[in-house]
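First up is the structure itself, then whatever we jot down about it.
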Amino acid sequence: VNLQQRRTGTKERSDPFARRPTAKCDPYGQGGKPLSWEDAQTLLQTVEPQWSLWKTEKNDANTVEEEIEETSPSVASAPPYALVREFWHDEYMTGAQFVTHVSAVAQMNDHYPLSVSLERIIIHKRAWRVRTRVVLRTFVLQGLSHHDFFLATLLDVEIQRPEVKRLLSNNHDDDDDAPAGS
């Protein structure tokens, strides 16, 4: 017990920002818990259809995680891992510029993606495409929050701006020549 504690009669408190949210301190308004499958699927209908839910973390950069279209009893017990969308670009530098826009939207709203990756993907013998993958997840909750869906909505709005839309491939909505599983 230190001198300050003796004077005030209080116990030393740990840093409130170093732990998960609780019912008393809940910046996400979710009682310190991530969104359930049911809530996440309801909110998934509020964003563009290219967004999908991942049930688990992907294992390496070359595998695309299985997406969940419907809930099943085994899946419904665990919260979804992340909200994910892929964007396609004709050139690497336009992909890098797009990542800058994603970063700016996150910074202005003080909520950040778990990851934003920019990758060159081979689609044919000598043909490459550039993919940006945005993975949204609230680390503190170890799952999804309403903020993740709000950020997804803001990114959906951002890509409608002409200066951002030009950074995307013309056929980014129908990725027929995207690699299998993307």
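Chain labels A, B, ... are given in the sequence in which chains occur in the structure tokens; within each chain residues are numbered consecutively from 1, and ligands are likewise numbered from 1 in the order shown.
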Taking the backbone alone, and naming residues the way the document does, which bits of segment 93-126 of chain A are helix (DSSP H, G or I) by DSSP, as an mmCIF file with N, CA, C and O atoms, in the first residue's frame?
```cif
data_model
loop_
_atom_site.group_PDB
_atom_site.id
_atom_site.type_symbol
_atom_site.label_atom_id
_atom_site.label_comp_id
_atom_site.auth_asym_id
_atom_site.auth_seq_id
_atom_site.Cartn_x
_atom_site.Cartn_y
_atom_site.Cartn_z
ATOM 1 N N MET A 93 0.027 0.343 -58.161
ATOM 2 C CA MET A 93 0.022 1.700 -57.594
ATOM 3 C C MET A 93 -1.401 2.201 -57.341
ATOM 4 O O MET A 93 -1.631 2.922 -56.373
ATOM 5 N N THR A 94 -2.357 1.813 -58.163
ATOM 6 C CA THR A 94 -3.741 2.229 -57.891
ATOM 7 C C THR A 94 -4.255 1.510 -56.647
ATOM 8 O O THR A 94 -5.021 2.075 -55.873
ATOM 9 N N GLY A 95 -3.819 0.280 -56.445
ATOM 10 C CA GLY A 95 -4.165 -0.444 -55.216
ATOM 11 C C GLY A 95 -3.593 0.250 -53.992
ATOM 12 O O GLY A 95 -4.260 0.395 -52.963
ATOM 13 N N ALA A 96 -2.351 0.711 -54.106
ATOM 14 C CA ALA A 96 -1.714 1.421 -52.986
ATOM 15 C C ALA A 96 -2.436 2.734 -52.690
ATOM 16 O O ALA A 96 -2.622 3.100 -51.521
ATOM 17 N N GLN A 97 -2.869 3.429 -53.733
ATOM 18 C CA GLN A 97 -3.629 4.662 -53.525
ATOM 19 C C GLN A 97 -4.967 4.365 -52.856
ATOM 20 O O GLN A 97 -5.419 5.121 -51.991
ATOM 21 N N PHE A 98 -5.588 3.254 -53.234
ATOM 22 C CA PHE A 98 -6.856 2.868 -52.621
ATOM 23 C C PHE A 98 -6.675 2.584 -51.128
ATOM 24 O O PHE A 98 -7.502 2.980 -50.309
ATOM 25 N N VAL A 99 -5.583 1.919 -50.781
ATOM 26 C CA VAL A 99 -5.292 1.639 -49.368
ATOM 27 C C VAL A 99 -5.194 2.952 -48.588
ATOM 28 O O VAL A 99 -5.648 3.033 -47.441
ATOM 29 N N THR A 100 -4.658 3.983 -49.191
ATOM 30 C CA THR A 100 -4.581 5.291 -48.551
ATOM 31 C C THR A 100 -5.976 5.831 -48.244
ATOM 32 O O THR A 100 -6.212 6.393 -47.169
ATOM 33 N N HIS A 101 -6.911 5.631 -49.161
ATOM 34 C CA HIS A 101 -8.288 6.085 -48.924
ATOM 35 C C HIS A 101 -8.937 5.299 -47.787
ATOM 36 O O HIS A 101 -9.633 5.869 -46.943
ATOM 37 N N VAL A 102 -8.713 3.992 -47.758
ATOM 38 C CA VAL A 102 -9.246 3.162 -46.671
ATOM 39 C C VAL A 102 -8.683 3.643 -45.341
ATOM 40 O O VAL A 102 -9.417 3.803 -44.359
ATOM 41 N N SER A 103 -7.393 3.920 -45.321
ATOM 42 C CA SER A 103 -6.739 4.400 -44.099
ATOM 43 C C SER A 103 -7.305 5.740 -43.645
ATOM 44 O O SER A 103 -7.517 5.960 -42.443
ATOM 45 N N ALA A 104 -7.569 6.629 -44.578
ATOM 46 C CA ALA A 104 -8.107 7.944 -44.231
ATOM 47 C C ALA A 104 -9.511 7.829 -43.635
ATOM 48 O O ALA A 104 -9.828 8.497 -42.644
ATOM 49 N N VAL A 105 -10.350 6.965 -44.204
ATOM 50 C CA VAL A 105 -11.703 6.771 -43.670
ATOM 51 C C VAL A 105 -11.622 6.223 -42.249
ATOM 52 O O VAL A 105 -12.327 6.678 -41.348
ATOM 53 N N ALA A 106 -10.743 5.261 -42.034
ATOM 54 C CA ALA A 106 -10.578 4.687 -40.694
ATOM 55 C C ALA A 106 -10.085 5.733 -39.705
ATOM 56 O O ALA A 106 -10.603 5.847 -38.585
ATOM 57 N N GLN A 107 -9.098 6.508 -40.101
ATOM 58 C CA GLN A 107 -8.532 7.534 -39.218
ATOM 59 C C GLN A 107 -9.571 8.586 -38.854
ATOM 60 O O GLN A 107 -9.700 8.974 -37.693
ATOM 61 N N MET A 108 -10.349 9.025 -39.832
ATOM 62 C CA MET A 108 -11.345 10.072 -39.575
ATOM 63 C C MET A 108 -12.467 9.575 -38.663
ATOM 64 O O MET A 108 -13.118 10.381 -37.998
ATOM 65 N N ASN A 109 -12.673 8.264 -38.598
ATOM 66 C CA ASN A 109 -13.752 7.720 -37.781
ATOM 67 C C ASN A 109 -13.241 7.003 -36.539
ATOM 68 O O ASN A 109 -14.027 6.408 -35.803
#
```
Which neighbours of segment 34-40 of chain A fall inside 7 Å, counting only C-alpha atoms, when residues of the same chain fewer than 2 positions from it are skipped, and could you give them as a PyMOL selection string? chain A and resi 30+32+42-44+76+79-80+141-145
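Scanning segment 90-133 of chain A with DSSP on the backbone, the strand (DSSP E or B) assignments fall on Ser115, Val116, Ser117, Leu118, Glu119, Arg120, Ile121, Ile122, Ile123, His124, Ala127, Trp128, Arg129, Val130, Arg131, Thr132 and Arg133 of chain A.
Once Asp156 of chain A and its same-chain neighbours fewer than 5 positions away are set aside, Val47, Glu48, Gln50, Trp51, Phe150, Leu151 and Arg161 of chain A remain within 10 Å of it when counting only C-alpha atoms.
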Output C-alpha atoms for every residue in the selection just made, as a PDB file, in the first residue's frame.
```pdb
ATOM      1  CA  VAL A  47     -23.779  -3.210 -46.360  1.00  0.00           C
ATOM      2  CA  GLU A  48     -22.979  -3.967 -49.999  1.00  0.00           C
ATOM      3  CA  GLN A  50     -19.566  -8.018 -51.598  1.00  0.00           C
ATOM      4  CA  TRP A  51     -18.954  -8.034 -47.830  1.00  0.00           C
ATOM      5  CA  PHE A 150     -20.447   1.303 -39.780  1.00  0.00           C
ATOM      6  CA  LEU A 151     -16.895   1.409 -41.172  1.00  0.00           C
ATOM      7  CA  ARG A 161     -16.660   8.849 -55.137  1.00  0.00           C
TER       8      ARG A 161
END
```
